[in-house]
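Chemist: I have a structure here, written as structure tokens, and I will follow up with some questions on it.
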Amino acid sequence: MKAAHLYKWIPVATEGELLWLKYSFGPGTANSLALKLRDGTWLVISPPSESPNDIYDELDRQGGVSALVAPNAYHNRGQPAWRLRFPNAVSYAPVGARSRLSTKTPGIEYRPLDELARILVPEGMKSPDVMFQIPATLGAVWWMGDQFSNSSVSDQIWPLRLLARFVGSGLGYRCNSKPELVYVQDRVAWLGSIRAALEKLPPTVVIPAHGDPVTEDAAARTLLAIKAVDTVSLNRMGV
């Protein structure tokens with residue numbers, strides 16, 4: 001997928017300490033998030049695959065990249081190229097994802113994520129998909145991971161849009177209605193831990209793994225997305 005809106009770092013916060021980027025993985029798009037660390041270098045969550053040189057250059061001019069994060073076992077395609085461009089960078093991933101990552105990105109060592117940043121690994125998961133809670137000048141910014149999306153028709157070719165309906169995804173801001181397909185073992189525990197975290201530190205901005213950032217009423221809309229999945233669960237149980 002090629003479009004003019006891809007592969008551009010866009011500020012999330014006015015101070016420039018957070019940048020997001022939308023990239024193509026073939027039939028659809030996914031997001032990256034770059035966070036400026038205290039030492040002036042950058043941490044990149046889900047580094048984009050097939051990046052043009054100016055994407056690397058922009059971060060290199062502003063301090064370079066020291067940390068590359070695979071937030072789950074699947075967002076890994078950009079790791080080799082980014083490690084090649086920034087050989088001193090360290091790769092991080094949740095412990096439960098490292099077995100698959102070792103086969104998909106051989107030769108890359110992943111350190112535990114809890115060494116790095118404030119993260120949330122929701123309860124009830126069979127394969128971890130990490131959420132980040134990032135303080136910024138505008139309030140808390142959350143990276144929500146693969147189970148939340150805010151996609152439009154420009155983010156997916158039509159066969160993927162059709163498939164999305166069958167795997168619990170779709171257009172607009174939503175929580176996946178079939179999370180058990182890949183990541184979740186206990187839906188009740190998973191949703192409950194996310195809801196508790198939202199109440200403790202409500203986000204001002206949400207960056208899902210796919211689609212556009214949610215910049216208005218992010219906390220309330222995320223709670224509504226979770227409620228919709230709760231309703232799907234109750235309907236299936238006949239409650």
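Residue numbering restarts at 1 in every chain; chains get A, B, ... in the order shown in the structure tokens, and ligands count up from 1 in that same order.
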Mind the document's chain letters and residue numbers, and return as a ChimeraX atom specification the residues of region 77-219 of chain A that DSSP labels strand (DSSP E or B).
Modeler: /A:90-93,110-112,119-120,125,131-136,139-151,156,171-175,184,205-211,214
Chemist: Nearest residue to Ala209 (chain A) out of A:Pro48, A:Pro11, A:Gly168, A:Gly63, using only C-alpha atoms?
Modeler: A:Pro48
Chemist: Taking the backbone alone, and naming residues the way the document does, which bits of region 174-218 of chain A are helix (DSSP H, G or I) by DSSP, as an mmCIF file with C-alpha atoms, in the first residue's frame?
Modeler:
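This is the output file selection22.cif:
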data_model
loop_
_atom_site.group_PDB
_atom_site.id
_atom_site.type_symbol
_atom_site.label_atom_id
_atom_site.label_comp_id
_atom_site.auth_asym_id
_atom_site.auth_seq_id
_atom_site.Cartn_x
_atom_site.Cartn_y
_atom_site.Cartn_z
ATOM 1 C CA PRO A 179 -9.575 -10.877 21.056
ATOM 2 C CA GLU A 180 -9.208 -14.596 21.809
ATOM 3 C CA LEU A 181 -8.103 -15.291 18.225
ATOM 4 C CA ARG A 187 -11.648 -11.766 28.222
ATOM 5 C CA VAL A 188 -13.159 -10.737 31.554
ATOM 6 C CA ALA A 189 -9.758 -10.370 33.229
ATOM 7 C CA TRP A 190 -8.301 -8.616 30.185
ATOM 8 C CA LEU A 191 -11.054 -6.021 29.904
ATOM 9 C CA GLY A 192 -11.187 -5.538 33.653
ATOM 10 C CA SER A 193 -7.489 -4.724 33.954
ATOM 11 C CA ILE A 194 -7.628 -2.255 31.043
ATOM 12 C CA ARG A 195 -10.702 -0.564 32.531
ATOM 13 C CA ALA A 196 -8.976 -0.232 35.911
ATOM 14 C CA ALA A 197 -5.889 1.292 34.290
ATOM 15 C CA LEU A 198 -8.026 3.769 32.331
ATOM 16 C CA GLU A 199 -9.711 4.928 35.509
ATOM 17 C CA LYS A 200 -6.356 5.332 37.262
ATOM 18 C CA ALA A 218 -9.912 9.520 24.222
#
Chemist: Which residues, written as a PDB file with N, CA, C and O atoms, in the first residue's frame, have at least one atom at most 7 Å from Tyr173 (chain A), with only C-alpha atoms counted and residues fewer than 4 positions away on the same chain left out?
Modeler:
ATOM      1  N   SER A 149      -8.107  -0.254  17.314  1.00  0.00           N
ATOM      2  CA  SER A 149      -7.793   0.320  16.009  1.00  0.00           C
ATOM      3  C   SER A 149      -8.736   1.480  15.719  1.00  0.00           C
ATOM      4  O   SER A 149      -9.830   1.570  16.286  1.00  0.00           O
ATOM      5  N   ASN A 150      -8.275   2.354  14.843  1.00  0.00           N
ATOM      6  CA  ASN A 150      -9.092   3.496  14.408  1.00  0.00           C
ATOM      7  C   ASN A 150      -8.884   3.690  12.910  1.00  0.00           C
ATOM      8  O   ASN A 150      -8.472   4.746  12.448  1.00  0.00           O
ATOM      9  N   SER A 151      -9.175   2.645  12.161  1.00  0.00           N
ATOM     10  CA  SER A 151      -8.859   2.604  10.738  1.00  0.00           C
ATOM     11  C   SER A 151      -9.953   3.240   9.893  1.00  0.00           C
ATOM     12  O   SER A 151     -11.132   3.245  10.260  1.00  0.00           O
TER      13      SER A 151
END
Chemist: Could you name the residues that touch Trp142 (chain A) at 10 Å or less, counting only C-alpha atoms, but leaving out those on the same chain fewer than 6 positions away, as a ChimeraX atom specification?
Modeler: /A:119-120,131-135,198,201-208,213-214,218-219
Chemist: Write the residues you've just listed into a file as a PDB file, in the first residue's frame, and include C-alpha atoms for each of them.
Modeler:
ATOM      1  CA  ILE A 119       4.057  -0.355  30.611  1.00  0.00           C
ATOM      2  CA  LEU A 120       0.777  -2.156  31.078  1.00  0.00           C
ATOM      3  CA  MET A 131       0.374  -0.948  26.273  1.00  0.00           C
ATOM      4  CA  PHE A 132       2.462   2.130  27.070  1.00  0.00           C
ATOM      5  CA  GLN A 133       1.342   4.954  29.356  1.00  0.00           C
ATOM      6  CA  ILE A 134       3.447   7.986  28.466  1.00  0.00           C
ATOM      7  CA  PRO A 135       3.351  11.310  30.340  1.00  0.00           C
ATOM      8  CA  LEU A 198      -8.026   3.769  32.331  1.00  0.00           C
ATOM      9  CA  LEU A 201      -4.613   7.202  34.427  1.00  0.00           C
ATOM     10  CA  PRO A 202      -7.086   8.268  31.718  1.00  0.00           C
ATOM     11  CA  PRO A 203      -5.454   9.058  28.378  1.00  0.00           C
ATOM     12  CA  THR A 204      -5.690  12.407  26.644  1.00  0.00           C
ATOM     13  CA  VAL A 205      -4.509  10.818  23.398  1.00  0.00           C
ATOM     14  CA  VAL A 206      -4.634   7.189  22.287  1.00  0.00           C
ATOM     15  CA  ILE A 207      -2.317   5.798  19.611  1.00  0.00           C
ATOM     16  CA  PRO A 208      -3.686   2.454  18.439  1.00  0.00           C
ATOM     17  CA  PRO A 213      -4.676   8.658  16.784  1.00  0.00           C
ATOM     18  CA  VAL A 214      -7.689   9.394  18.962  1.00  0.00           C
ATOM     19  CA  ALA A 218      -9.912   9.520  24.222  1.00  0.00           C
ATOM     20  CA  ALA A 219     -10.641   8.057  27.655  1.00  0.00           C
TER      21      ALA A 219
END
Chemist: Just give me the gap between CA of Val229 (chain A) and CA of Lys126 (chain A) in Å, one decimal is fine.
Modeler: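 CA of Lys126 (chain A) lies 18.2 Å from CA of Val229 (chain A).
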Chemist: Need to verify the contact set: Leu113 (chain A), 8 Å, only C-alpha atoms, exclusion of same-chain residues closer than 5 positions in sequence. Can you return it as a PyMOL selection string?
Modeler: chain A and resi 69+92-95+119
Chemist: Using only C-alpha atoms, determine which residues lie at most 12 Å from Pro128 (chain A), disregarding the query and same-chain residues fewer than 5 positions distant; provide the list as a short mmCIF file (atom, residue, chain, number, x, y, z; two decimals) with all heavy atoms, in the first residue's frame.
Modeler:
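Once everything was written out, this is out_13.cif:
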data_model
loop_
_atom_site.label_atom_id
_atom_site.label_comp_id
_atom_site.auth_asym_id
_atom_site.auth_seq_id
_atom_site.Cartn_x
_atom_site.Cartn_y
_atom_site.Cartn_z
N ALA A 70 9.53 -3.98 20.21
CA ALA A 70 8.50 -4.84 19.62
C ALA A 70 7.43 -5.02 20.70
O ALA A 70 7.67 -5.71 21.68
CB ALA A 70 9.09 -6.19 19.22
N PRO A 71 6.26 -4.39 20.55
CA PRO A 71 5.28 -4.43 21.63
C PRO A 71 4.56 -5.77 21.77
O PRO A 71 3.88 -6.00 22.76
CB PRO A 71 4.29 -3.32 21.22
CG PRO A 71 4.39 -3.26 19.74
CD PRO A 71 5.83 -3.56 19.42
N ASN A 72 4.72 -6.61 20.77
CA ASN A 72 4.15 -7.95 20.80
C ASN A 72 4.99 -8.85 19.91
O ASN A 72 6.05 -8.43 19.42
CB ASN A 72 2.67 -7.92 20.38
CG ASN A 72 2.47 -7.25 19.03
OD1 ASN A 72 3.16 -7.55 18.06
ND2 ASN A 72 1.54 -6.30 18.97
N ALA A 73 4.53 -10.06 19.67
CA ALA A 73 5.33 -11.00 18.89
C ALA A 73 5.24 -10.78 17.39
O ALA A 73 5.94 -11.44 16.62
CB ALA A 73 4.87 -12.43 19.21
N TYR A 74 4.40 -9.82 16.95
CA TYR A 74 4.09 -9.70 15.53
C TYR A 74 4.60 -8.41 14.89
O TYR A 74 4.87 -8.39 13.69
CB TYR A 74 2.57 -9.81 15.33
CG TYR A 74 2.05 -11.14 15.84
CD1 TYR A 74 1.61 -11.28 17.15
CD2 TYR A 74 2.06 -12.27 15.02
CE1 TYR A 74 1.17 -12.51 17.63
CE2 TYR A 74 1.62 -13.49 15.49
CZ TYR A 74 1.17 -13.61 16.79
OH TYR A 74 0.75 -14.83 17.27
N HIS A 75 4.73 -7.34 15.65
CA HIS A 75 5.21 -6.08 15.09
C HIS A 75 6.74 -6.05 15.15
O HIS A 75 7.34 -5.36 15.97
CB HIS A 75 4.61 -4.90 15.85
CG HIS A 75 3.18 -4.63 15.49
ND1 HIS A 75 2.69 -3.38 15.22
CD2 HIS A 75 2.13 -5.47 15.34
CE1 HIS A 75 1.40 -3.45 14.93
NE2 HIS A 75 1.04 -4.71 15.01
N ALA A 93 11.32 -6.26 24.14
CA ALA A 93 10.06 -6.95 23.85
C ALA A 93 9.55 -7.59 25.14
O ALA A 93 10.32 -7.87 26.06
CB ALA A 93 10.25 -8.02 22.78
N PRO A 94 8.22 -7.83 25.22
CA PRO A 94 7.71 -8.58 26.37
C PRO A 94 8.27 -10.00 26.37
O PRO A 94 8.47 -10.60 25.31
CB PRO A 94 6.20 -8.57 26.16
CG PRO A 94 5.99 -8.22 24.73
CD PRO A 94 7.16 -7.40 24.30
N VAL A 95 8.53 -10.52 27.56
CA VAL A 95 9.17 -11.83 27.68
C VAL A 95 8.38 -12.91 26.94
O VAL A 95 8.94 -13.76 26.25
CB VAL A 95 9.33 -12.20 29.17
CG1 VAL A 95 9.81 -13.64 29.32
CG2 VAL A 95 10.31 -11.24 29.84
N GLY A 96 7.05 -12.87 27.04
CA GLY A 96 6.23 -13.89 26.42
C GLY A 96 6.22 -13.86 24.90
O GLY A 96 5.70 -14.79 24.28
N ALA A 97 6.79 -12.81 24.31
CA ALA A 97 6.82 -12.71 22.84
C ALA A 97 8.16 -13.14 22.27
O ALA A 97 8.29 -13.28 21.05
CB ALA A 97 6.54 -11.27 22.42
N ARG A 98 9.14 -13.36 23.11
CA ARG A 98 10.50 -13.53 22.62
C ARG A 98 10.74 -14.84 21.89
O ARG A 98 11.60 -14.93 21.02
CB ARG A 98 11.48 -13.34 23.78
CG ARG A 98 11.60 -11.86 24.15
CD ARG A 98 12.06 -11.62 25.55
NE ARG A 98 13.44 -11.99 25.77
CZ ARG A 98 14.06 -11.92 26.94
NH1 ARG A 98 13.39 -11.49 28.00
NH2 ARG A 98 15.31 -12.27 27.07
N SER A 99 9.97 -15.87 22.17
CA SER A 99 10.14 -17.15 21.47
C SER A 99 9.84 -16.98 19.98
O SER A 99 10.63 -17.39 19.12
CB SER A 99 9.24 -18.22 22.08
OG SER A 99 9.35 -19.43 21.35
N ARG A 100 8.69 -16.36 19.65
CA ARG A 100 8.36 -16.16 18.25
C ARG A 100 9.30 -15.14 17.60
O ARG A 100 9.70 -15.30 16.44
CB ARG A 100 6.92 -15.68 18.11
CG ARG A 100 6.44 -15.57 16.66
CD ARG A 100 4.98 -15.15 16.56
NE ARG A 100 4.47 -15.30 15.21
CZ ARG A 100 4.63 -14.41 14.24
NH1 ARG A 100 5.28 -13.27 14.50
NH2 ARG A 100 4.16 -14.63 13.02
N LEU A 113 11.04 -5.60 28.60
CA LEU A 113 10.48 -4.25 28.49
C LEU A 113 10.40 -3.52 29.82
O LEU A 113 10.44 -2.29 29.86
CB LEU A 113 9.08 -4.33 27.89
CG LEU A 113 8.97 -4.07 26.39
CD1 LEU A 113 7.55 -4.28 25.93
CD2 LEU A 113 9.43 -2.67 26.05
N ILE A 119 4.84 0.46 31.53
CA ILE A 119 4.06 -0.36 30.61
C ILE A 119 2.89 -1.00 31.34
O ILE A 119 2.87 -1.12 32.57
CB ILE A 119 4.91 -1.46 29.95
CG1 ILE A 119 5.46 -2.44 31.00
CG2 ILE A 119 6.02 -0.85 29.12
CD1 ILE A 119 6.14 -3.65 30.41
N LEU A 120 1.91 -1.41 30.56
CA LEU A 120 0.78 -2.16 31.08
C LEU A 120 0.66 -3.42 30.25
O LEU A 120 0.48 -3.37 29.03
CB LEU A 120 -0.52 -1.34 30.97
CG LEU A 120 -1.83 -2.11 31.24
CD1 LEU A 120 -1.88 -2.58 32.68
CD2 LEU A 120 -3.03 -1.24 30.90
N VAL A 121 0.79 -4.57 30.91
CA VAL A 121 0.51 -5.85 30.27
C VAL A 121 -0.79 -6.34 30.89
O VAL A 121 -0.80 -6.83 32.03
CB VAL A 121 1.65 -6.87 30.49
CG1 VAL A 121 1.33 -8.17 29.74
CG2 VAL A 121 2.97 -6.31 30.02
N PRO A 122 -1.90 -6.18 30.21
CA PRO A 122 -3.18 -6.55 30.81
C PRO A 122 -3.23 -8.01 31.24
O PRO A 122 -2.57 -8.87 30.65
CB PRO A 122 -4.19 -6.28 29.69
CG PRO A 122 -3.52 -5.28 28.81
CD PRO A 122 -2.07 -5.63 28.86
N GLU A 123 -4.01 -8.27 32.26
CA GLU A 123 -4.20 -9.64 32.71
C GLU A 123 -4.99 -10.43 31.68
O GLU A 123 -5.64 -9.88 30.80
CB GLU A 123 -4.94 -9.64 34.05
CG GLU A 123 -4.20 -8.94 35.17
CD GLU A 123 -5.04 -8.86 36.45
OE1 GLU A 123 -6.11 -9.50 36.50
OE2 GLU A 123 -4.62 -8.14 37.36
N GLY A 145 -1.91 -0.75 21.42
CA GLY A 145 -1.61 -2.08 20.92
C GLY A 145 -2.57 -2.57 19.85
O GLY A 145 -3.43 -1.85 19.35
N ASP A 146 -2.43 -3.83 19.50
CA ASP A 146 -3.11 -4.42 18.35
C ASP A 146 -4.61 -4.60 18.52
O ASP A 146 -5.32 -4.73 17.53
CB ASP A 146 -2.50 -5.80 18.05
CG ASP A 146 -1.68 -5.80 16.77
OD1 ASP A 146 -1.69 -4.79 16.05
OD2 ASP A 146 -1.02 -6.82 16.50
N GLN A 147 -5.09 -4.64 19.73
CA GLN A 147 -6.50 -4.94 19.95
C GLN A 147 -7.41 -3.72 19.83
O GLN A 147 -8.63 -3.84 19.90
CB GLN A 147 -6.69 -5.60 21.31
CG GLN A 147 -6.02 -6.97 21.43
CD GLN A 147 -6.54 -7.94 20.38
OE1 GLN A 147 -7.67 -8.40 20.43
NE2 GLN A 147 -5.70 -8.25 19.41
N PRO A 179 -10.98 -10.97 20.63
CA PRO A 179 -9.58 -10.88 21.06
C PRO A 179 -8.93 -12.23 21.31
O PRO A 179 -7.70 -12.34 21.32
CB PRO A 179 -9.66 -10.05 22.35
CG PRO A 179 -11.04 -10.29 22.86
CD PRO A 179 -11.90 -10.41 21.63
N VAL A 182 -5.98 -14.30 18.87
CA VAL A 182 -4.51 -14.24 18.92
C VAL A 182 -3.98 -14.00 20.34
O VAL A 182 -3.13 -14.74 20.82
CB VAL A 182 -3.97 -13.14 17.98
CG1 VAL A 182 -2.45 -13.03 18.09
CG2 VAL A 182 -4.38 -13.41 16.54
N TYR A 183 -4.49 -12.99 21.01
CA TYR A 183 -3.80 -12.50 22.20
C TYR A 183 -4.43 -12.88 23.54
O TYR A 183 -3.71 -13.00 24.54
CB TYR A 183 -3.74 -10.97 22.15
CG TYR A 183 -2.85 -10.41 21.07
CD1 TYR A 183 -3.38 -9.83 19.92
CD2 TYR A 183 -1.46 -10.46 21.19
CE1 TYR A 183 -2.57 -9.31 18.93
CE2 TYR A 183 -0.64 -9.94 20.21
CZ TYR A 183 -1.19 -9.38 19.07
OH TYR A 183 -0.37 -8.87 18.10
N VAL A 184 -5.72 -13.02 23.61
CA VAL A 184 -6.42 -13.05 24.90
C VAL A 184 -6.91 -14.45 25.24
O VAL A 184 -7.44 -15.17 24.39
CB VAL A 184 -7.61 -12.06 24.89
CG1 VAL A 184 -8.42 -12.16 26.17
CG2 VAL A 184 -7.08 -10.63 24.72
N GLN A 185 -6.73 -14.82 26.53
CA GLN A 185 -7.22 -16.10 27.04
C GLN A 185 -8.46 -15.91 27.90
O GLN A 185 -9.41 -16.68 27.82
CB GLN A 185 -6.13 -16.80 27.84
CG GLN A 185 -6.49 -18.20 28.32
CD GLN A 185 -5.30 -18.91 28.90
OE1 GLN A 185 -4.40 -18.28 29.49
NE2 GLN A 185 -5.23 -20.21 28.73
N TRP A 190 -8.98 -9.55 31.10
CA TRP A 190 -8.30 -8.62 30.18
C TRP A 190 -9.01 -7.26 30.17
O TRP A 190 -8.38 -6.22 30.40
CB TRP A 190 -8.27 -9.24 28.79
CG TRP A 190 -7.65 -8.40 27.72
CD1 TRP A 190 -6.34 -8.02 27.62
CD2 TRP A 190 -8.32 -7.84 26.58
NE1 TRP A 190 -6.16 -7.27 26.49
CE2 TRP A 190 -7.35 -7.14 25.84
CE3 TRP A 190 -9.63 -7.89 26.12
CZ2 TRP A 190 -7.65 -6.48 24.65
CZ3 TRP A 190 -9.94 -7.22 24.93
CH2 TRP A 190 -8.96 -6.53 24.21
#
